[in-house]
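Q: Pasting in a structure now, in structure tokens, and then I'll have a few things to ask.
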There are 2 protein chains.
Amino acid sequence: MSPKITTELLKQLRQVMKNPKYVQEPVQAYIVPSGDAHQSEYIAPCDCRRAFISGFDGSAGTAIVTEQHAAMWTDGRYFLQAAHQMDNNWTLMKMGVKDTPTQEDWLVSVLPEGSKVGVDPFIIPTDQWKRMSKALRSAGHDLVPVKENLIDTIWTDCPQRPCKPLIMLDLSYTGVSWRDKITALRSKMAERKVMWFVVTALDEVAWLFNLRGSDVEYNPVFFAYAVIGMNTIRLFIDGDRMMDPAVREHLQLDSTLEPEFKIQVMPYGSILSELQAVGAGLSPKEKVWLSDKASYALTEAIPKAYRYLTPYTPICIAKAVKNASETEGMRRAHIKDAVALCELFNWLEKEVPKGTVTEIIAADKAEEFRSQQKDFVELSFATISSTGPNGAIIHYKPVPETNRTLSVNEIYLLDSGAQYKDGTTDVTRTMHFGTPSAYEKECFTYVLKGHIAVSAAIFPNGTKGHLLDSFARSALWDCGLDYLHGTGHGVGSFLNVHEGPCGISYKTFADEPLEAGMIVSDEPGYYEDGSFGIRIENVVLVIPAETKYNFKNRGSLTFEPLTLVPIQTKMIDVNLLTQKECNWVNDYHQKCREVVGAELERQGRHEALQWLIRETEPLVRVQ
Amino acid sequence: MSPKITTELLKQLRQVMKNPKYVQEPVQAYIVPSGDAHQSEYIAPCDCRRAFISGFDGSAGTAIVTEQHAAMWTDGRYFLQAAHQMDNNWTLMKMGVKDTPTQEDWLVSVLPEGSKVGVDPFIIPTDQWKRMSKALRSAGHDLVPVKENLIDTIWTDCPQRPCKPLIMLDLSYTGVSWRDKITALRSKMAERKVMWFVVTALDEVAWLFNLRGSDVEYNPVFFAYAVIGMNTIRLFIDGDRMMDPAVREHLQLDSTLEPEFKIQVMPYGSILSELQAVGAGLSPKEKVWLSDKASYALTEAIPKAYRYLTPYTPICIAKAVKNASETEGMRRAHIKDAVALCELFNWLEKEVPKGTVTEIIAADKAEEFRSQQKDFVELSFATISSTGPNGAIIHYKPVPETNRTLSVNEIYLLDSGAQYKDGTTDVTRTMHFGTPSAYEKECFTYVLKGHIAVSAAIFPNGTKGHLLDSFARSALWDCGLDYLHGTGHGVGSFLNVHEGPCGISYKTFADEPLEAGMIVSDEPGYYEDGSFGIRIENVVLVIPAETKYNFKNRGSLTFEPLTLVPIQTKMIDVNLLTQKECNWVNDYHQKCREVVGAELERQGRHEALQWLIRETEPLVRVQ
């Protein structure tokens, strides 16, 4: 990897930072965040502006360019990569390392008094704008919105914004029509005495209209905004996608509808002016609801007194609670996904000893088996296929430079998932194709104990996921071990594999309480730098639990695993399990055998079925 | 209990709310919070202004009086009491009940446009001022500081502010001299580039100067402020307490000292004008450090640009980590406290069957036994002595109207503690003097399992207490049970029985990480409304834990119980315990027997020793 030469680009950027054509007054610093206008986790090539200006293309990083300096903030995952990809015009700011200044502190230290700091208000989320703006103001500087993106002005060969065809989901997948979703949203708006709701997150637009897209990788979404009034629906979307008769039919664009369900289709780029018009026409007490992660440009379009900002939108919360059709779809998707993984692991068991299977080959093979399954659409994230020391790199993705060959001497960790039209999967299994050491088994078993402690936990209705995080760590903690990531994230239903507002992590506090129908991952791990990585991940569904007593009629919840892939018993030190834990593993494997076995049978995959049967033999605990 | 007649008082208050002698402009509403100028948990009679104006004397409540209305906000513990104590001039605002407006929302709903809302800036903490002020301003009203407390102007027989003699603690109790504490504080100030630190919490003043007092009940503190500069020390304190030669000697008031350790003693009432003088004399970049819980009056004395506010002060954090002398003192105090409780429980065992022991008699008897111990000072909080259904009232305190007789048919819960010169105790035991039912034993055992899960937990350095809270609930949750309070609070060393900045609760997130030397309570419970209450509470010390592996050299922590009072084995269903839990109980009882037994022996308390030996017989678990 040789660094991108950015001298000329930076020179051009510094020119436009002073060019009255683009800025009202010269800006002494310009911030280039990672995100797109929707705060998406995965972004389209046209939105990779920070990578364009710096060369650094990791998933997280913020660039700031001043007249004298160019600096890049990123976290520990990317220190090496960023150092390789950037030339010496750039200073790497290692986040999480002591003495690394925050962006605000650094700006204050390098800027002349009374400076203007520019940022594209469409790219910066409102909560971040507020924080940054306050910090700069208290030091005598100003954060200013620069309407035209300055990177775009110098990015001559910037790719087009994608505009791929839409996928329509009927009621058998979604369970609820888009009209009923709009009605439910309006009743939430009425509860909060809000007249308008602005949908800015791409997965929220997709969910609301029962549509999917493929404008970005992994997340089945499309570029669009929506503005929902009590009597109007405006959808901001580009391209000829709205010419497709099936889409028109799905959205009933040509039907005679009650006016409050008539969708007005408008150009994607007109959101700001339309929202400004809404803002200008508000009567007193008419509030407009936005996420506090919405871009500052949209928030600013609404006069301050009329804004109603919340960290989680009503769509985000409704979307998290899956209905019966979605749950059934997720079950089907996970059975198909398990079939693909049984095929893969059976294949690996035979091929690995030959010494010809690399991490990339294994990842490709996993994709191949998945793509054979009905309604397969794409992967749900970049496959983490890692063996030996690579397994200890938590966000590893194999590339030719690091690609390692699987062997019978090393642990193999595969964290992968797919988008099917009926559901999204995300599963991690850690396997050994030879004989694991006692220490590897010991660590694996602690991780498994943590996985079970969460999966089998019973907890009252209203409990937030972060209160369950320590259950996953307790067995590791007892021996002085731990893992430096959260335990679980929300999972969408044929939508983003990472979604809010719930999760299981010591890091959050503002998560929404878990509710029956929510779907999260349960993925504790253990990572030994330079040696191996272990993670055991199932996607689990929150379900009501029957308890002996029912304290104050609050009701209780627990989890049901949707993922049904055997957990390698060879890696388990059964004597470290309690009888209850041992029963959990045996019950789980029994279910894998029954449910996935039947599907393997149906698909005529007899060899994989034999593998499944071997791998689900009950554990026996010696007292 | 008949309500206080407040018609005349309210009339007078409404007059002074318009009287230019006290207010620059008339205020349309006046807020009377619970607290004193130091945000103390226990307040002196002269600070009970809310009780004076309303009649309601519970520990928590805020009164707001407008020209037309008088309203009182309090929580579920006090709904009944407040309703009884207040006449019908008052509207009770039940906090935590759906549709009860917040104070801000209520004010906005009843006030005419552009109103002024007054409050004594000495009584309202800064963070609360900011919240309230912002909410009122956004609705077109103004929160204004009223310098003279309006209640005091009409409270003709207001008691004097207490001014009791001071207790000096020498190095054998405190481990660190006040000079070394000042030096350490100044180095924390230097780290944050702060020139002044204002000590506003009474326990922080007491800790800093190694002094104690008795100006309020239960907390061994005295009314004072301190302002620490890099070269100056100012102590604001009233009365002839500074005439006591021993105090003068302790503070070295008459010695030739380096100037930076020379204490200037000033009147308590001069804090504001002195702080204003400090504020007026600041050069650029000279910051003044205050707690964000400091009164708004003091914060306001410092120009905004010079304020440095934090939720926890460096004294709060230093005070929480006990040194070897303090830890040893706490151990001694807990042994003496255990002696008193062995005596009490032995006495109760004999007396309860006679039917002559009431909750109040039992509480008094506990105090009597405690007061026989060396260095006993006072109780550390109002004893919760409760039997049968009273036990289910979490903050119960026996009064003649509710006083119940202990019997062999009901569970008895005693939550009590004392201040000794060497330490502070807080212990809860739940006993049955007859034969508990299977259900009572079952619930008790779940609570015990939770108590053990926290007490025996091993966790990495840097873990915050709130991450341990679910361990205490897991066994209860499994059966659909729970308790509606946190699991633990910080405990002072011959100081406040409740102190920050650490604790074990699902409710907090901003607690500071647990560190070796911190002392907290571990007190899960279970409460069956109308029937019984169960709580098992030990005070525990955070200590380093040896683990098999030591992940990234972070080190691990666990707890050592300081409380050494038997847990009634009669209440335990031993078959619900794991072998590990059973061993924990037996090891704990073995330690009680050895350590407290030796002290009972030494004090010649043979009957209580026999009781201790009986109560610490090992449990045997039948497989």
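Ligands are numbered from 1 in the order shown, residues from 1 within each chain, and chains are lettered A, B, ... in the order they appear in the structure tokens.
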Using only C-alpha atoms, find each residue in chain B having at least one atom no more than 7 Å away from chain A; report its shortest atom-to-atom pair and that distance in Å (one decimal), rows by chain then rising number, as a tab-separated table.
A:
residue	atom	partner	partner_atom	distance
B:Ile458	CA	A:Asp478	CA	5.3
B:Phe459	CA	A:Trp477	CA	5.3
B:Pro460	CA	A:Trp477	CA	6.7
B:Leu467	CA	A:Ser470	CA	6.2
B:Leu468	CA	A:Ser470	CA	6.9
B:Ser470	CA	A:Leu467	CA	6.2
B:Trp477	CA	A:Phe459	CA	5.3
B:Asp478	CA	A:Ile458	CA	5.3
B:Cys479	CA	A:Lys548	CA	5.1
B:Gly480	CA	A:Asn550	CA	4.8
B:Leu481	CA	A:Phe551	CA	4.9
B:Asp482	CA	A:Phe551	CA	6.7
B:Phe509	CA	A:Phe509	CA	6.7
B:Thr547	CA	A:Gly480	CA	5.1
B:Lys548	CA	A:Cys479	CA	5.0
B:Tyr549	CA	A:Gly480	CA	5.0
B:Asn550	CA	A:Gly480	CA	4.8
B:Phe551	CA	A:Leu481	CA	4.9
B:Ser556	CA	A:Gly480	CA	6.3
Q: Could you turn the residues from that selection into a file that holds C-alpha atoms, as a PDB file, in the first residue's frame?
A:
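This is the output file again25.pdb:
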ATOM      1  CA  ILE B 458     -14.455 -10.593  40.473  1.00  0.00           C
ATOM      2  CA  PHE B 459     -14.255  -7.776  37.955  1.00  0.00           C
ATOM      3  CA  PRO B 460     -11.569  -5.810  36.110  1.00  0.00           C
ATOM      4  CA  LEU B 467     -22.318  -2.943  35.924  1.00  0.00           C
ATOM      5  CA  LEU B 468     -22.588  -5.245  38.967  1.00  0.00           C
ATOM      6  CA  SER B 470     -27.745  -7.214  37.735  1.00  0.00           C
ATOM      7  CA  TRP B 477     -35.302 -12.492  38.079  1.00  0.00           C
ATOM      8  CA  ASP B 478     -35.152 -16.207  37.292  1.00  0.00           C
ATOM      9  CA  CYS B 479     -38.325 -16.631  39.353  1.00  0.00           C
ATOM     10  CA  GLY B 480     -39.947 -13.402  38.205  1.00  0.00           C
ATOM     11  CA  LEU B 481     -39.037 -11.423  41.359  1.00  0.00           C
ATOM     12  CA  ASP B 482     -37.169  -8.118  41.826  1.00  0.00           C
ATOM     13  CA  PHE B 509     -24.314   5.619  34.841  1.00  0.00           C
ATOM     14  CA  THR B 547      -6.905 -14.174  39.138  1.00  0.00           C
ATOM     15  CA  LYS B 548      -5.589 -17.084  37.108  1.00  0.00           C
ATOM     16  CA  TYR B 549      -4.865 -14.855  34.105  1.00  0.00           C
ATOM     17  CA  ASN B 550      -4.448 -11.117  34.257  1.00  0.00           C
ATOM     18  CA  PHE B 551      -5.877  -9.732  31.015  1.00  0.00           C
ATOM     19  CA  SER B 556      -8.921  -7.382  39.067  1.00  0.00           C
TER      20      SER B 556
END
Q: Need to verify the contact set: Lys147 in chain B, 12 Å, only C-alpha atoms, exclusion of same-chain residues closer than 4 positions in sequence. Can you return it as a list in words?
A: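 The residues that qualify are Lys21, Tyr22, Val23, Gln24, Gly118, Val119, Asp120, Pro121, Phe122, Ile123, Ile124, Ile151, Asp152, Thr153, Leu272, Tyr296, Ala297, Leu298 and Glu300 of chain B.
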Q: Keeping only N, CA and C atoms, write those residues as a PDB file, in the first residue's frame.
A:
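part09.pdb, written as the output of this step:
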ATOM      1  N   LYS B  21     -38.902  45.368  49.560  1.00  0.00           N
ATOM      2  CA  LYS B  21     -37.837  45.225  50.540  1.00  0.00           C
ATOM      3  C   LYS B  21     -37.038  43.936  50.281  1.00  0.00           C
ATOM      4  N   TYR B  22     -37.711  42.910  49.741  1.00  0.00           N
ATOM      5  CA  TYR B  22     -37.060  41.613  49.557  1.00  0.00           C
ATOM      6  C   TYR B  22     -36.828  41.238  48.093  1.00  0.00           C
ATOM      7  N   VAL B  23     -37.696  41.754  47.217  1.00  0.00           N
ATOM      8  CA  VAL B  23     -37.561  41.380  45.804  1.00  0.00           C
ATOM      9  C   VAL B  23     -37.456  42.634  44.951  1.00  0.00           C
ATOM     10  N   GLN B  24     -36.541  42.597  43.990  1.00  0.00           N
ATOM     11  CA  GLN B  24     -36.379  43.751  43.102  1.00  0.00           C
ATOM     12  C   GLN B  24     -37.668  44.006  42.337  1.00  0.00           C
ATOM     13  N   GLY B 118     -39.167  33.006  41.642  1.00  0.00           N
ATOM     14  CA  GLY B 118     -38.076  33.261  42.571  1.00  0.00           C
ATOM     15  C   GLY B 118     -37.618  32.001  43.278  1.00  0.00           C
ATOM     16  N   VAL B 119     -36.352  31.991  43.647  1.00  0.00           N
ATOM     17  CA  VAL B 119     -35.815  30.898  44.458  1.00  0.00           C
ATOM     18  C   VAL B 119     -34.593  31.446  45.194  1.00  0.00           C
ATOM     19  N   ASP B 120     -34.335  30.892  46.385  1.00  0.00           N
ATOM     20  CA  ASP B 120     -33.137  31.272  47.130  1.00  0.00           C
ATOM     21  C   ASP B 120     -31.933  30.644  46.432  1.00  0.00           C
ATOM     22  N   PRO B 121     -31.030  31.435  45.872  1.00  0.00           N
ATOM     23  CA  PRO B 121     -29.918  30.852  45.102  1.00  0.00           C
ATOM     24  C   PRO B 121     -28.949  30.063  45.976  1.00  0.00           C
ATOM     25  N   PHE B 122     -29.058  30.208  47.303  1.00  0.00           N
ATOM     26  CA  PHE B 122     -28.194  29.445  48.207  1.00  0.00           C
ATOM     27  C   PHE B 122     -28.692  28.012  48.394  1.00  0.00           C
ATOM     28  N   ILE B 123     -29.953  27.798  48.078  1.00  0.00           N
ATOM     29  CA  ILE B 123     -30.557  26.491  48.351  1.00  0.00           C
ATOM     30  C   ILE B 123     -30.604  25.632  47.094  1.00  0.00           C
ATOM     31  N   ILE B 124     -30.615  26.252  45.935  1.00  0.00           N
ATOM     32  CA  ILE B 124     -30.768  25.478  44.706  1.00  0.00           C
ATOM     33  C   ILE B 124     -29.391  25.138  44.126  1.00  0.00           C
ATOM     34  N   ILE B 151     -38.936  32.574  53.095  1.00  0.00           N
ATOM     35  CA  ILE B 151     -39.512  31.829  54.224  1.00  0.00           C
ATOM     36  C   ILE B 151     -38.939  32.393  55.530  1.00  0.00           C
ATOM     37  N   ASP B 152     -37.633  32.626  55.545  1.00  0.00           N
ATOM     38  CA  ASP B 152     -36.999  33.141  56.760  1.00  0.00           C
ATOM     39  C   ASP B 152     -37.602  34.484  57.190  1.00  0.00           C
ATOM     40  N   THR B 153     -38.059  35.276  56.220  1.00  0.00           N
ATOM     41  CA  THR B 153     -38.623  36.589  56.588  1.00  0.00           C
ATOM     42  C   THR B 153     -39.942  36.441  57.343  1.00  0.00           C
ATOM     43  N   LEU B 272     -19.974  34.341  50.482  1.00  0.00           N
ATOM     44  CA  LEU B 272     -20.380  34.905  49.189  1.00  0.00           C
ATOM     45  C   LEU B 272     -19.540  36.122  48.832  1.00  0.00           C
ATOM     46  N   TYR B 296     -26.300  27.749  43.507  1.00  0.00           N
ATOM     47  CA  TYR B 296     -26.179  28.679  42.394  1.00  0.00           C
ATOM     48  C   TYR B 296     -25.594  30.009  42.859  1.00  0.00           C
ATOM     49  N   ALA B 297     -25.881  30.377  44.112  1.00  0.00           N
ATOM     50  CA  ALA B 297     -25.358  31.639  44.640  1.00  0.00           C
ATOM     51  C   ALA B 297     -23.832  31.678  44.547  1.00  0.00           C
ATOM     52  N   LEU B 298     -23.192  30.567  44.916  1.00  0.00           N
ATOM     53  CA  LEU B 298     -21.725  30.546  44.888  1.00  0.00           C
ATOM     54  C   LEU B 298     -21.203  30.479  43.449  1.00  0.00           C
ATOM     55  N   GLU B 300     -22.610  31.596  40.856  1.00  0.00           N
ATOM     56  CA  GLU B 300     -22.864  32.888  40.219  1.00  0.00           C
ATOM     57  C   GLU B 300     -21.832  33.950  40.642  1.00  0.00           C
TER      58      GLU B 300
END
Q: Write out as an MDAnalysis selection string which residues come within 8 Å of range 242-251 of chain B when counting only C-alpha atoms, dropping same-chain ones fewer than 6 positions away.
A: chainID B and resid 166 168 209 263
Q: Hey, which of B:Lys336, B:Arg179, B:Arg602, B:Lys98 ends up closest to Glu260 in chain B? Count only C-alpha atoms.
A: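 Of B:Lys336, B:Arg179, B:Arg602, B:Lys98, the one nearest Glu260 in chain B, counting only C-alpha atoms, is B:Arg179.
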Q: Extract the full set of strand (DSSP E) residues from range 289-481 of chain A according to DSSP on the backbone, and format it as a PyMOL selection string.
A: chain A and resi 289-291+307-310+376-379+384-387+411-416+418-420+423-424+427-432+459-460
